[in-house]
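Undergrad: See protein.txt below, with compact mmCIF, C-alpha atoms and all ligand atoms.
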# COMPACT_ATOMS: atom_id res chain seq x y z
CA MET A 173 65.84 80.33 97.26
CA SER A 174 68.27 83.13 97.92
CA VAL A 175 71.81 82.22 98.91
CA SER A 176 73.89 84.56 101.04
CA ARG A 177 77.60 85.04 100.60
CA GLU A 178 78.05 84.55 104.33
CA HIS A 179 76.39 81.17 104.12
CA VAL A 180 78.49 80.10 101.15
CA LEU A 181 81.76 81.11 102.81
CA GLN A 182 80.67 79.50 106.07
CA ALA A 183 80.11 76.22 104.20
CA LEU A 184 83.35 76.49 102.23
CA LYS A 185 85.28 76.81 105.48
CA LYS A 186 84.63 73.07 105.86
CA VAL A 187 86.95 72.39 102.92
CA THR A 188 90.48 72.10 104.22
CA HIS A 189 93.69 72.23 102.24
CA PRO A 190 95.33 68.90 103.18
CA GLU A 191 98.90 70.16 103.27
CA LYS A 192 98.40 73.62 104.64
CA GLU A 193 95.86 72.31 107.15
CA LYS A 194 93.77 75.42 106.87
CA ASN A 195 90.43 75.94 105.23
CA ILE A 196 90.25 77.33 101.71
CA VAL A 197 88.47 80.53 102.77
CA ARG A 198 91.17 81.35 105.25
CA LEU A 199 93.81 80.62 102.63
CA ASN A 200 92.14 83.19 100.36
CA MET A 201 91.62 80.56 97.68
CA VAL A 202 88.03 81.66 97.00
CA LYS A 203 87.70 84.60 94.61
CA ASP A 204 85.10 86.29 92.42
CA LEU A 205 82.26 84.88 94.47
CA THR A 206 78.79 85.59 93.14
CA THR A 207 75.49 84.24 94.35
CA GLU A 208 72.05 84.25 92.81
CA ASP A 209 68.82 82.45 93.46
CA GLY A 210 69.76 78.82 93.65
CA ALA A 211 73.21 79.31 92.17
CA VAL A 212 76.75 79.98 93.36
CA SER A 213 79.82 80.61 91.32
CA PHE A 214 83.40 81.39 92.23
CA THR A 215 86.99 80.86 91.23
CA LEU A 216 89.12 78.51 93.26
CA ILE A 217 92.74 79.56 93.25
CA VAL A 218 95.07 76.57 93.14
CA GLU A 219 98.70 76.11 92.32
CA ARG A 220 98.09 73.95 89.27
CA PRO A 221 94.53 73.83 87.96
CA ASP A 222 95.12 70.75 85.79
CA THR A 223 95.97 68.32 88.58
CA ALA A 224 93.84 65.63 90.21
CA PHE A 225 94.29 67.50 93.46
CA ALA A 226 92.66 70.61 92.02
CA LYS A 227 89.76 68.60 90.62
CA GLN A 228 89.25 66.98 94.00
CA ALA A 229 89.15 70.34 95.70
CA GLN A 230 86.62 71.50 93.12
CA ALA A 231 84.41 68.48 93.74
CA ALA A 232 84.70 68.89 97.50
CA CYS A 233 83.45 72.48 97.24
CA THR A 234 80.41 71.45 95.23
CA GLN A 235 79.62 68.63 97.61
CA VAL A 236 79.91 70.73 100.74
CA LEU A 237 77.78 73.53 99.29
CA ARG A 238 75.03 71.11 98.30
CA GLU A 239 75.14 69.43 101.70
CA GLU A 240 75.10 72.66 103.63
CA ILE A 241 72.81 74.81 101.53
CA ASP A 242 70.62 72.88 99.14
CA PRO A 243 70.99 69.54 97.35
CA ASP A 244 69.84 71.17 94.12
CA LEU A 245 72.17 74.13 94.33
CA GLU A 246 73.82 74.99 91.04
CA VAL A 247 77.53 75.28 91.72
CA ASP A 248 80.08 76.59 89.27
CA VAL A 249 83.66 76.39 90.49
CA GLU A 250 86.25 77.57 88.06
CA LEU A 251 89.84 76.58 88.69
CA ASP A 252 92.57 79.11 88.18
CA ASN A 253 96.02 79.90 89.39
CA GLU A 254 96.82 83.30 90.68
CA MET A 255 98.46 85.68 88.29
CA ILE A 256 101.08 87.69 90.01
CA SER A 257 102.64 90.52 88.13
CA LEU A 258 105.22 91.57 90.64
CA GLY A 259 108.93 92.03 90.47
CA ASP A 260 111.28 89.29 91.61
CA ASP A 261 112.32 91.21 94.65
CA VAL A 262 109.00 90.61 96.35
CA GLY A 263 109.09 87.88 98.95
CA VAL A 264 106.41 85.57 100.17
CA SER A 265 103.55 87.22 102.00
CA GLY A 266 103.65 87.32 105.75
CA GLY A 267 107.42 87.01 105.92
CA SER A 268 109.14 89.09 108.55
CA GLY A 269 112.51 90.65 108.54
CA ASP A 270 112.15 92.57 105.34
CA GLY A 271 112.98 95.61 107.40
CA GLY A 272 111.34 98.25 105.30
CA GLY A 273 113.13 97.61 102.00
CA GLY A 274 113.00 100.15 99.23
CA GLY A 275 111.26 103.22 100.50
CA GLY A 276 110.25 104.30 97.02
CA GLN A 277 108.12 101.25 96.31
CA GLN A 278 104.40 101.58 96.06
CA LYS A 279 102.78 100.25 99.16
CA GLN A 280 101.03 97.44 97.29
CA GLN A 281 104.30 96.17 95.95
CA ARG A 282 105.84 95.36 99.24
CA PRO A 283 105.05 92.13 100.96
CA GLN A 284 102.08 92.60 103.22
CA LEU A 285 102.90 92.82 106.86
CA ALA A 286 99.72 90.93 107.65
CA GLU A 287 97.26 89.12 105.43
CA ASN A 288 94.50 91.32 106.78
CA MET A 289 94.74 94.70 108.45
CA VAL A 290 91.67 95.95 110.23
CA ALA A 291 91.33 99.40 111.78
CA VAL A 292 88.99 99.94 114.72
CA ALA A 293 87.69 103.48 114.64
CA SER A 294 85.17 105.70 116.37
CA GLY A 295 83.92 109.20 115.93
CA LYS A 296 84.14 109.92 119.65
CA GLY A 297 86.46 108.94 122.46
CA GLY A 298 85.26 106.81 125.32
CA VAL A 299 82.78 104.75 123.32
CA GLY A 300 84.73 101.53 123.79
CA LYS A 301 86.96 101.51 120.71
CA SER A 302 89.94 100.04 122.55
CA THR A 303 87.69 97.54 124.31
CA VAL A 304 86.41 96.39 120.92
CA ALA A 305 89.92 96.34 119.41
CA ALA A 306 91.32 94.30 122.31
CA ASN A 307 88.47 91.79 122.26
CA LEU A 308 88.53 91.57 118.47
CA ALA A 309 92.23 90.71 118.62
CA VAL A 310 91.76 88.14 121.37
CA GLY A 311 88.61 86.76 119.72
CA LEU A 312 90.46 86.19 116.43
CA ALA A 313 93.39 84.62 118.28
CA GLU A 314 90.88 82.30 119.97
CA GLN A 315 89.69 81.29 116.50
CA GLY A 316 93.26 80.19 115.81
CA TYR A 317 94.55 83.15 113.84
CA SER A 318 97.96 84.70 114.37
CA VAL A 319 97.12 88.22 115.48
CA GLY A 320 98.91 91.48 116.14
CA LEU A 321 97.41 94.55 117.76
CA LEU A 322 98.83 97.99 117.16
CA ASP A 323 97.65 100.75 119.45
CA SER A 324 98.05 103.99 117.54
CA ASP A 325 96.05 106.11 119.94
CA ILE A 326 98.70 108.53 121.10
CA TYR A 327 96.33 110.47 123.33
CA GLY A 328 94.98 107.51 125.24
CA PRO A 329 96.96 104.36 124.61
CA SER A 330 95.03 101.94 126.80
CA ILE A 331 95.91 98.65 125.12
CA PRO A 332 98.96 97.97 127.37
CA THR A 333 96.73 98.20 130.45
CA MET A 334 94.03 96.05 128.87
CA PHE A 335 96.63 93.33 128.27
CA GLY A 336 98.39 93.75 131.61
CA VAL A 337 101.72 94.81 130.08
CA GLU A 338 101.72 98.49 131.04
CA ASN A 339 104.98 98.13 132.92
CA LYS A 340 106.83 96.28 130.20
CA LYS A 341 108.79 97.67 127.31
CA PRO A 342 109.36 95.89 124.01
CA ARG A 343 112.99 94.97 123.36
CA VAL A 344 114.98 95.51 120.22
CA ASN A 345 116.52 92.48 118.48
CA GLN A 346 119.93 92.16 116.80
CA ASN A 347 118.45 93.42 113.53
CA LYS A 348 117.43 96.59 115.36
CA GLN A 349 113.78 95.67 115.05
CA ILE A 350 111.31 96.30 117.83
CA VAL A 351 109.96 93.01 119.12
CA PRO A 352 106.25 93.19 119.97
CA LEU A 353 105.23 92.05 123.42
CA GLU A 354 102.99 89.03 123.62
CA ALA A 355 99.98 88.67 125.91
CA HIS A 356 96.88 86.48 125.73
CA GLY A 357 98.04 85.06 122.41
CA VAL A 358 98.28 88.49 120.75
CA ARG A 359 101.41 90.38 119.67
CA LEU A 360 101.25 93.98 120.83
CA LEU A 361 102.81 97.31 120.13
CA SER A 362 101.54 100.58 121.49
CA MET A 363 102.37 104.23 121.19
CA GLY A 364 102.20 104.00 124.97
CA PHE A 365 105.51 102.11 124.91
CA LEU A 366 107.22 105.02 123.20
CA VAL A 367 106.03 108.04 125.09
CA ASP A 368 105.25 109.15 128.54
CA GLN A 369 101.54 109.61 128.96
CA GLU A 370 102.16 113.13 130.23
CA LYS A 371 104.19 114.08 127.19
CA ALA A 372 101.74 112.61 124.72
CA VAL A 373 100.01 115.89 124.11
CA ILE A 374 103.09 117.47 122.57
CA TRP A 375 103.26 114.77 119.90
CA ARG A 376 102.18 116.13 116.61
CA GLY A 377 100.78 114.45 113.54
CA PRO A 378 104.02 113.76 111.63
CA MET A 379 105.69 112.26 114.68
CA VAL A 380 102.76 109.97 115.17
CA THR A 381 102.80 108.77 111.58
CA ASN A 382 106.57 108.30 111.71
CA ALA A 383 106.29 106.22 114.86
CA LEU A 384 103.49 104.28 113.25
CA ARG A 385 105.55 103.63 110.12
CA GLN A 386 108.33 102.36 112.30
CA PHE A 387 105.96 100.04 114.10
CA LEU A 388 104.63 98.80 110.80
CA ASN A 389 107.86 98.50 108.87
CA ASP A 390 110.63 97.94 111.37
CA ALA A 391 109.08 95.67 113.94
CA ALA A 392 109.56 91.93 114.18
CA TRP A 393 105.89 90.98 114.00
CA GLY A 394 106.55 87.63 112.38
CA GLU A 395 103.80 86.08 110.30
CA LEU A 396 100.44 87.62 110.95
CA GLU A 397 97.04 86.68 109.61
CA TYR A 398 95.47 89.72 111.25
CA LEU A 399 96.81 93.06 112.35
CA ILE A 400 94.28 95.08 114.31
CA LEU A 401 94.85 98.80 114.53
CA ASP A 402 93.33 100.79 117.39
CA LEU A 403 92.97 104.27 115.87
CA PRO A 404 92.80 107.51 117.80
CA PRO A 405 89.16 108.63 118.19
CA GLY A 406 87.77 111.05 115.66
CA THR A 407 87.64 111.52 111.93
CA GLY A 408 90.03 114.40 111.41
CA ASP A 409 93.30 114.79 109.54
CA ALA A 410 95.32 112.73 112.02
CA GLN A 411 93.09 109.70 111.50
CA LEU A 412 92.96 110.25 107.77
CA THR A 413 96.75 110.28 107.57
CA ILE A 414 97.05 107.02 109.47
CA VAL A 415 94.37 105.40 107.38
CA GLN A 416 96.26 106.38 104.25
CA THR A 417 99.60 105.20 105.66
CA VAL A 418 98.43 101.65 106.26
CA PRO A 419 97.13 99.35 103.51
CA LEU A 420 93.93 98.48 105.31
CA THR A 421 91.68 95.55 104.47
CA GLY A 422 88.81 97.32 106.15
CA ALA A 423 87.52 99.15 109.19
CA VAL A 424 85.24 98.40 112.12
CA ILE A 425 83.37 101.39 113.49
CA VAL A 426 82.35 101.57 117.13
CA SER A 427 79.51 103.72 118.37
CA THR A 428 77.29 104.06 121.38
CA PRO A 429 73.53 104.47 120.87
CA GLN A 430 73.31 108.22 121.52
CA ASP A 431 72.48 110.49 118.60
CA VAL A 432 75.68 112.50 119.01
CA ALA A 433 77.82 109.38 118.86
CA LEU A 434 75.89 108.10 115.86
CA ALA A 435 76.39 111.37 114.02
CA ASP A 436 80.14 110.95 114.52
CA ALA A 437 80.01 107.30 113.50
CA ARG A 438 78.41 108.42 110.25
CA LYS A 439 81.38 110.73 109.68
CA GLY A 440 83.63 107.73 110.34
CA VAL A 441 81.95 105.68 107.62
CA LYS A 442 82.28 108.61 105.23
CA MET A 443 85.97 109.06 106.04
CA PHE A 444 86.71 105.46 105.09
CA GLU A 445 84.59 105.66 101.97
CA LYS A 446 86.53 108.73 100.92
CA VAL A 447 89.80 106.80 100.95
CA ASP A 448 88.28 103.60 99.54
CA VAL A 449 88.72 101.51 102.65
CA PRO A 450 85.76 99.13 102.99
CA VAL A 451 83.79 99.44 106.20
CA LEU A 452 83.49 95.88 107.48
CA GLY A 453 80.76 96.80 109.91
CA MET A 454 79.52 98.73 112.87
CA VAL A 455 79.44 97.66 116.52
CA GLU A 456 77.15 99.25 119.05
CA ASN A 457 78.72 99.35 122.51
CA MET A 458 76.96 100.10 125.79
CA SER A 459 73.68 99.21 124.09
CA TYR A 460 71.71 98.14 127.12
CA PHE A 461 71.99 97.33 130.79
CA THR A 462 70.80 94.20 132.55
CA PRO A 463 70.68 94.57 136.35
CA PRO A 464 72.39 91.53 137.89
CA ASP A 465 69.30 90.80 139.99
CA LEU A 466 66.96 91.11 136.99
CA PRO A 467 68.76 88.94 134.44
CA ASP A 468 65.83 88.87 132.00
CA ARG A 469 65.61 92.63 131.63
CA LYS A 470 67.34 94.78 129.07
CA TYR A 471 67.26 98.52 129.69
CA TYR A 472 68.17 100.47 126.59
CA LEU A 473 69.41 103.49 128.49
CA PHE A 474 70.52 105.55 125.52
CA GLY A 475 67.84 104.56 123.02
CA ARG A 476 67.38 101.39 121.09
CA GLY A 477 68.65 100.17 117.73
CA GLY A 478 70.34 103.41 116.63
CA ALA A 479 73.59 101.89 115.35
CA LYS A 480 71.77 99.06 113.62
CA ARG A 481 69.58 101.56 111.77
CA LEU A 482 72.59 103.66 110.86
CA ALA A 483 74.38 100.56 109.58
CA GLN A 484 71.39 99.70 107.41
CA GLU A 485 71.09 103.21 106.14
CA MET A 486 74.78 103.35 105.23
CA ASP A 487 74.73 99.85 103.81
CA VAL A 488 77.31 98.37 106.14
CA SER A 489 77.01 95.21 108.22
CA PHE A 490 75.92 95.34 111.81
CA LEU A 491 78.36 93.40 113.96
CA GLY A 492 76.38 93.31 117.19
CA GLU A 493 75.32 95.11 120.33
CA VAL A 494 77.45 94.90 123.45
CA PRO A 495 75.74 95.55 126.79
CA ILE A 496 77.14 97.71 129.57
CA GLU A 497 78.59 95.43 132.19
CA GLN A 498 80.76 96.28 135.12
CA ARG A 499 82.94 93.28 134.30
CA VAL A 500 83.95 94.76 130.96
CA ARG A 501 85.64 97.64 132.70
CA GLU A 502 87.05 95.46 135.48
CA SER A 503 88.52 92.98 132.99
CA SER A 504 90.14 95.82 131.07
CA ASP A 505 91.59 97.35 134.19
CA ASP A 506 92.84 93.96 135.35
CA GLY A 507 94.62 93.22 132.08
CA THR A 508 92.53 90.41 130.56
CA PRO A 509 89.98 91.26 127.86
CA ILE A 510 86.51 90.04 128.79
CA VAL A 511 86.18 87.42 126.03
CA LEU A 512 88.88 85.53 127.93
CA ASP A 513 88.15 86.74 131.44
CA ALA A 514 84.41 86.03 131.54
CA PRO A 515 83.45 84.28 128.28
CA GLU A 516 80.01 83.39 129.63
CA SER A 517 79.01 87.03 130.16
CA ALA A 518 76.61 88.66 127.71
CA SER A 519 79.16 91.26 126.66
CA ALA A 520 81.84 88.64 126.04
CA GLU A 521 79.42 86.63 123.92
CA ALA A 522 78.54 89.71 121.91
CA LEU A 523 82.21 90.63 121.47
CA ALA A 524 83.19 87.09 120.45
CA GLN A 525 80.39 87.09 117.92
CA MET A 526 81.54 90.51 116.69
CA ALA A 527 84.99 88.98 116.07
CA GLU A 528 83.44 86.13 114.10
CA ARG A 529 81.33 88.46 112.02
CA THR A 530 84.31 90.68 111.32
CA ASP A 531 86.25 87.63 110.14
CA GLU A 532 83.28 86.73 107.94
CA GLN A 533 83.20 90.21 106.42
CA VAL A 534 86.93 90.03 105.75
CA ALA A 535 86.40 86.70 103.98
CA ILE A 536 83.66 88.29 101.89
CA ARG A 537 85.93 91.20 100.94
CA ASN A 538 88.75 88.85 100.04
CA ALA A 539 86.44 86.68 97.96
CA ASP A 540 85.19 89.79 96.19
CA GLN A 541 88.60 90.68 94.95
CA SER A 542 89.34 89.15 91.63
CA ALA A 543 92.17 86.69 91.38
CA THR A 544 94.27 88.82 89.12
CA GLN A 545 93.94 92.06 91.02
CA LYS A 546 94.81 90.92 94.46
CA VAL A 547 98.47 91.41 95.11
CA GLU A 548 99.21 88.65 97.51
CA ILE A 549 101.28 85.57 97.13
CA LEU A 550 99.84 82.27 98.21
CA TYR A 551 102.49 79.93 96.94
CA GLU A 552 106.22 80.03 96.79
N1 LIG B 601 80.38 97.49 127.36
C1 LIG B 601 80.99 98.11 128.37
N2 LIG B 601 80.53 97.99 129.64
C2 LIG B 601 81.17 98.62 130.66
N3 LIG B 601 82.24 99.40 130.52
C3 LIG B 601 82.75 99.54 129.29
C4 LIG B 601 82.15 98.91 128.15
N4 LIG B 601 82.89 99.26 127.05
C5 LIG B 601 83.88 100.04 127.48
N5 LIG B 601 83.81 100.23 128.83
C6 LIG B 601 84.69 101.05 129.66
O1 LIG B 601 84.57 102.38 129.21
C7 LIG B 601 85.83 103.04 129.23
C8 LIG B 601 86.16 103.54 127.83
O2 LIG B 601 86.36 102.42 126.99
P1 LIG B 601 87.56 102.37 125.93
O3 LIG B 601 87.49 101.05 125.25
O4 LIG B 601 88.83 102.75 126.58
O5 LIG B 601 87.05 103.51 124.95
P2 LIG B 601 87.79 104.33 123.79
O6 LIG B 601 88.95 103.52 123.34
O7 LIG B 601 86.74 104.49 122.75
O8 LIG B 601 88.20 105.62 124.38
C9 LIG B 601 86.84 102.02 129.76
O9 LIG B 601 86.97 102.19 131.14
C10 LIG B 601 86.16 100.69 129.47
O10 LIG B 601 86.57 99.67 130.35
MG MG B 602 91.01 103.92 123.49
Show how you would write the structure in this file as structure tokens.
Ligand SMILES: Nc1ncnc2c1ncn2[C@@H]1O[C@H](COP(=O)(O)OP(=O)(O)O)[C@@H](O)[C@H]1O
Ligand SMILES: [Mg+2]

TA:
Amino acid sequence: MSVSREHVLQALKKVTHPEKEKNIVRLNMVKDLTTEDGAVSFTLIVERPDTAFAKQAQAACTQVLREEIDPDLEVDVELDNEMISLGDDVGVSGGSGDGGGGGGQQKQQRPQLAENMVAVASGKGGVGKSTVAANLAVGLAEQGYSVGLLDSDIYGPSIPTMFGVENKKPRVNQNKQIVPLEAHGVRLLSMGFLVDQEKAVIWRGPMVTNALRQFLNDAAWGELEYLILDLPPGTGDAQLTIVQTVPLTGAVIVSTPQDVALADARKGVKMFEKVDVPVLGMVENMSYFTPPDLPDRKYYLFGRGGAKRLAQEMDVSFLGEVPIEQRVRESSDDGTPIVLDAPESASAEALAQMAERTDEQVAIRNADQSATQKVEILYE
């Protein structure tokens, strides 16, 4: 019997930390996960491994895995506490108000702005990158996460419109930090708040990265479990610079089914591989069309299964296919992403599922990282 990592993490989400009231996967307590036929092993990160509490947590993991997967499953849960080899000046993760601190520090040594940072990228413009980013953010917020969305697409910042805040400007607090706007349960900042659309073209690379740094370092995001980054389309130097500026957990690549778009999506995967950012998966947008009066039909207008095949070929997860629906565009134009505006629609279901799968892939990445390597502080 083969056991998938997804399945194991799914099951372990049922184990909740009694005080923190969050599940152990979400708290990043599961590390070094390996699965084999009929066997699972991982390290459970606890504050003090020698306590009754830790032993209980260990037993609960074994029980849940056997209940959910197989009564005969071999389960090996090692208890460990996280080794953190950081200087004393590093605060607790997720804390805000650190205002940028020592500029000379390595990026890993500063407290993470968000527990997980996910870039949404595409090889081409107009494939639905912002639509995916907006619905990913809202989908994760619906799952109960604290979520920020940073629109770094200087040439077409469409996030403010998609969240109905295009006429608002973020304010600056007494600490001179930009305060993100909040809409549909998501904290937002956009390059669109800084520049006139007409003037956007004269912005050059360094200005964009400076603005981005400011948004990342000097904004009052508060505690974030997820920060979603809507990247400018393409895989050139501008994107590469941004990707290297931000300590990303991983990237989601959006493509449409056409060969040209797929060729660019392939370049996207390669760009992230080059800078060692894991690709969490690929989403195919505008996959098929179902005429409203023929609800059982699916017309694959641009060819079928292209992104899924590319994902397989490049060994990345496939996060789903989103149909073309008029309501997707209408919801965006009206300022409410479709997963909230029309959750029963096929595209909203696909996008909500995409958000769940992305979260799953993030959990897998986090569980892959060994306890001693991961620079993140769970306990004060
Ligand atoms: N699945 C879809 N069905 C219908 N329209 C869509 C879909 N995905 C995106 N759109 C529309 O296509 C246009 C481009 O999408 P957008 O997300 O802005 O792309 P990008 O950020 O890649 O340039 C927008 O008007 C958007 O509302
Ligand atoms: Mg866009």

Undergrad: Please, what is the axis-aligned box for every listed atom of ligand LIG 601 (chain B) with 4 Å on each side, as centre and edge lengths in Å to one decimal, as JSON?

TA:
{"center_x": 84.7, "center_y": 101.6, "center_z": 126.9, "size_x": 16.6, "size_y": 16.1, "size_z": 16.4}

Undergrad: When you count all atoms listed in the file, which of these residues is closest to ligand LIG 601 (chain B): A:Pro221, A:Gly328, A:Pro190, A:Gly300?

TA: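 Looking at the shortest contact to ligand LIG 601 (chain B), the residue is A:Gly300.
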
Undergrad: Just give me the gap between atom CA of A:Asp506 and atom CA of A:Lys296 in Å, one decimal is fine.

TA: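 Interatomic distance here is 24.0 Å.
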
Undergrad: Do a neighbour search on A:Ala483 at 12 Å with all atoms listed in the file, toss out local chain neighbours closer than 3 positions, and write the hits as a PDB file with C-alpha atoms, in the frame of the given file.

TA:
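What ended up in selection.pdb:
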ATOM      1  CA  VAL A 424      85.240  98.400 112.120  1.00  0.00           C
ATOM      2  CA  ILE A 425      83.370 101.390 113.490  1.00  0.00           C
ATOM      3  CA  VAL A 426      82.350 101.570 117.130  1.00  0.00           C
ATOM      4  CA  SER A 427      79.510 103.720 118.370  1.00  0.00           C
ATOM      5  CA  PRO A 429      73.530 104.470 120.870  1.00  0.00           C
ATOM      6  CA  LEU A 434      75.890 108.100 115.860  1.00  0.00           C
ATOM      7  CA  ALA A 435      76.390 111.370 114.020  1.00  0.00           C
ATOM      8  CA  ALA A 437      80.010 107.300 113.500  1.00  0.00           C
ATOM      9  CA  ARG A 438      78.410 108.420 110.250  1.00  0.00           C
ATOM     10  CA  GLY A 440      83.630 107.730 110.340  1.00  0.00           C
ATOM     11  CA  VAL A 441      81.950 105.680 107.620  1.00  0.00           C
ATOM     12  CA  VAL A 451      83.790  99.440 106.200  1.00  0.00           C
ATOM     13  CA  LEU A 452      83.490  95.880 107.480  1.00  0.00           C
ATOM     14  CA  GLY A 453      80.760  96.800 109.910  1.00  0.00           C
ATOM     15  CA  MET A 454      79.520  98.730 112.870  1.00  0.00           C
ATOM     16  CA  VAL A 455      79.440  97.660 116.520  1.00  0.00           C
ATOM     17  CA  GLU A 456      77.150  99.250 119.050  1.00  0.00           C
ATOM     18  CA  GLY A 477      68.650 100.170 117.730  1.00  0.00           C
ATOM     19  CA  GLY A 478      70.340 103.410 116.630  1.00  0.00           C
ATOM     20  CA  ALA A 479      73.590 101.890 115.350  1.00  0.00           C
ATOM     21  CA  LYS A 480      71.770  99.060 113.620  1.00  0.00           C
ATOM     22  CA  MET A 486      74.780 103.350 105.230  1.00  0.00           C
ATOM     23  CA  ASP A 487      74.730  99.850 103.810  1.00  0.00           C
ATOM     24  CA  VAL A 488      77.310  98.370 106.140  1.00  0.00           C
ATOM     25  CA  SER A 489      77.010  95.210 108.220  1.00  0.00           C
ATOM     26  CA  PHE A 490      75.920  95.340 111.810  1.00  0.00           C
ATOM     27  CA  LEU A 491      78.360  93.400 113.960  1.00  0.00           C
ATOM     28  CA  GLY A 492      76.380  93.310 117.190  1.00  0.00           C
TER      29      GLY A 492
END

Undergrad: Set the cut-off to 9 Å, count only C-alpha atoms and all ligand atoms, and list whatever residues fall near ligand MG 602 (chain B) as a list in words.

TA: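 Residues satisfying the distance criterion: Gly297, Gly298, Val299, Gly300, Lys301, Ser302, Thr303, Ala305, Asp323, Asp325, Tyr327, Gly328, Pro329, Ser330, Ile331, Asp402, Leu403, Pro404 and Pro405 of chain A.
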
Undergrad: Since we have the selection now, will you write its residues out, keeping C-alpha atoms, as a compact mmCIF listing (two decimals), in the coordinates of the input?

TA:
# COMPACT_ATOMS: atom_id res chain seq x y z
CA GLY A 297 86.46 108.94 122.46
CA GLY A 298 85.26 106.81 125.32
CA VAL A 299 82.78 104.75 123.32
CA GLY A 300 84.73 101.53 123.79
CA LYS A 301 86.96 101.51 120.71
CA SER A 302 89.94 100.04 122.55
CA THR A 303 87.69 97.54 124.31
CA ALA A 305 89.92 96.34 119.41
CA ASP A 323 97.65 100.75 119.45
CA ASP A 325 96.05 106.11 119.94
CA TYR A 327 96.33 110.47 123.33
CA GLY A 328 94.98 107.51 125.24
CA PRO A 329 96.96 104.36 124.61
CA SER A 330 95.03 101.94 126.80
CA ILE A 331 95.91 98.65 125.12
CA ASP A 402 93.33 100.79 117.39
CA LEU A 403 92.97 104.27 115.87
CA PRO A 404 92.80 107.51 117.80
CA PRO A 405 89.16 108.63 118.19

Undergrad: A:Gln525: which residues within 12 Å, counting only C-alpha atoms, same-chain residues fewer than 3 positions away excluded, as a PDB file with C-alpha atoms, in the frame of the given file?

TA:
ATOM      1  CA  VAL A 304      86.410  96.390 120.920  1.00  0.00           C
ATOM      2  CA  ASN A 307      88.470  91.790 122.260  1.00  0.00           C
ATOM      3  CA  LEU A 308      88.530  91.570 118.470  1.00  0.00           C
ATOM      4  CA  VAL A 310      91.760  88.140 121.370  1.00  0.00           C
ATOM      5  CA  GLY A 311      88.610  86.760 119.720  1.00  0.00           C
ATOM      6  CA  LEU A 312      90.460  86.190 116.430  1.00  0.00           C
ATOM      7  CA  GLU A 314      90.880  82.300 119.970  1.00  0.00           C
ATOM      8  CA  GLN A 315      89.690  81.290 116.500  1.00  0.00           C
ATOM      9  CA  VAL A 455      79.440  97.660 116.520  1.00  0.00           C
ATOM     10  CA  PHE A 490      75.920  95.340 111.810  1.00  0.00           C
ATOM     11  CA  LEU A 491      78.360  93.400 113.960  1.00  0.00           C
ATOM     12  CA  GLY A 492      76.380  93.310 117.190  1.00  0.00           C
ATOM     13  CA  GLU A 493      75.320  95.110 120.330  1.00  0.00           C
ATOM     14  CA  VAL A 494      77.450  94.900 123.450  1.00  0.00           C
ATOM     15  CA  VAL A 511      86.180  87.420 126.030  1.00  0.00           C
ATOM     16  CA  PRO A 515      83.450  84.280 128.280  1.00  0.00           C
ATOM     17  CA  ALA A 518      76.610  88.660 127.710  1.00  0.00           C
ATOM     18  CA  SER A 519      79.160  91.260 126.660  1.00  0.00           C
ATOM     19  CA  ALA A 520      81.840  88.640 126.040  1.00  0.00           C
ATOM     20  CA  GLU A 521      79.420  86.630 123.920  1.00  0.00           C
ATOM     21  CA  ALA A 522      78.540  89.710 121.910  1.00  0.00           C
ATOM     22  CA  GLU A 528      83.440  86.130 114.100  1.00  0.00           C
ATOM     23  CA  ARG A 529      81.330  88.460 112.020  1.00  0.00           C
ATOM     24  CA  THR A 530      84.310  90.680 111.320  1.00  0.00           C
ATOM     25  CA  ASP A 531      86.250  87.630 110.140  1.00  0.00           C
ATOM     26  CA  GLU A 532      83.280  86.730 107.940  1.00  0.00           C
TER      27      GLU A 532
END

Undergrad: Choose the residue, out of A:Ser503, A:Ala293, A:Asp468, A:Met363, that has the smallest atom-to-atom separation from A:Gln411; count all atoms listed in the file.

TA: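 Under the stated criterion, the closest residue is A:Ala293.
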
Undergrad: Atom CA of A:Ser324 to atom CA of A:Asp431: how many Å, to one decimal?

TA: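 According to the coordinates, atom CA of A:Ser324 and atom CA of A:Asp431 are separated by 26.4 Å.
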
Undergrad: Measure the distance from atom CA of A:Leu396 to atom CA of A:Pro419 in Å and round it to one decimal.

TA: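 So the answer is 14.3 Å.
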
Undergrad: Taking only C-alpha atoms into account, name the residue in A:Ile326, A:Val447, A:Leu420, A:Met526 that is nearest to A:Ala291.

TA: A:Leu420

Undergrad: Taking only C-alpha atoms into account, name the residue in A:Ala232, A:Leu184, A:Val175, A:Val197 that is nearest to A:Asp209.

TA: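 Under the stated criterion, the closest residue is A:Val175.
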
Undergrad: Which residue gives the smallest distance to ligand LIG 601 (chain B) among A:Gly316, A:Gly507, A:Pro495, A:Gly210, with only C-alpha atoms and all ligand atoms counted?

TA: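 Between A:Gly316, A:Gly507, A:Pro495, A:Gly210, the residue approaching ligand LIG 601 (chain B) most closely is A:Pro495.
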
Undergrad: Residues within 9 Å of A:Glu240, please, as a list in words. Count only C-alpha atoms; anything in the same chain fewer than 2 positions from it doesn't count.

TA: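 The residues that qualify are His179, Val180, Ala183, Gln235, Val236, Leu237, Arg238, Asp242 and Pro243 of chain A.
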
Undergrad: Skip A:Glu338 itself and residues of its chain fewer than 2 positions away, then list as a PyMOL selection string all residues within 10 Å of it, counting all atoms listed in the file.

TA: chain A and resi 329-336+340-341+362+364-365+507

Undergrad: Find the residues around A:Val247 up to 8 Å (only C-alpha atoms counted), leave out those fewer than 6 positions away in its own chain, and share them as a ChimeraX atom specification.

TA: /A:211-213,234,237

Undergrad: Measuring atom to atom with only C-alpha atoms, identify which of A:Asn389, A:Arg220, A:Ser318, A:Thr462 is nearest to A:Lys348.

TA: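 Nearest to A:Lys348: A:Asn389.
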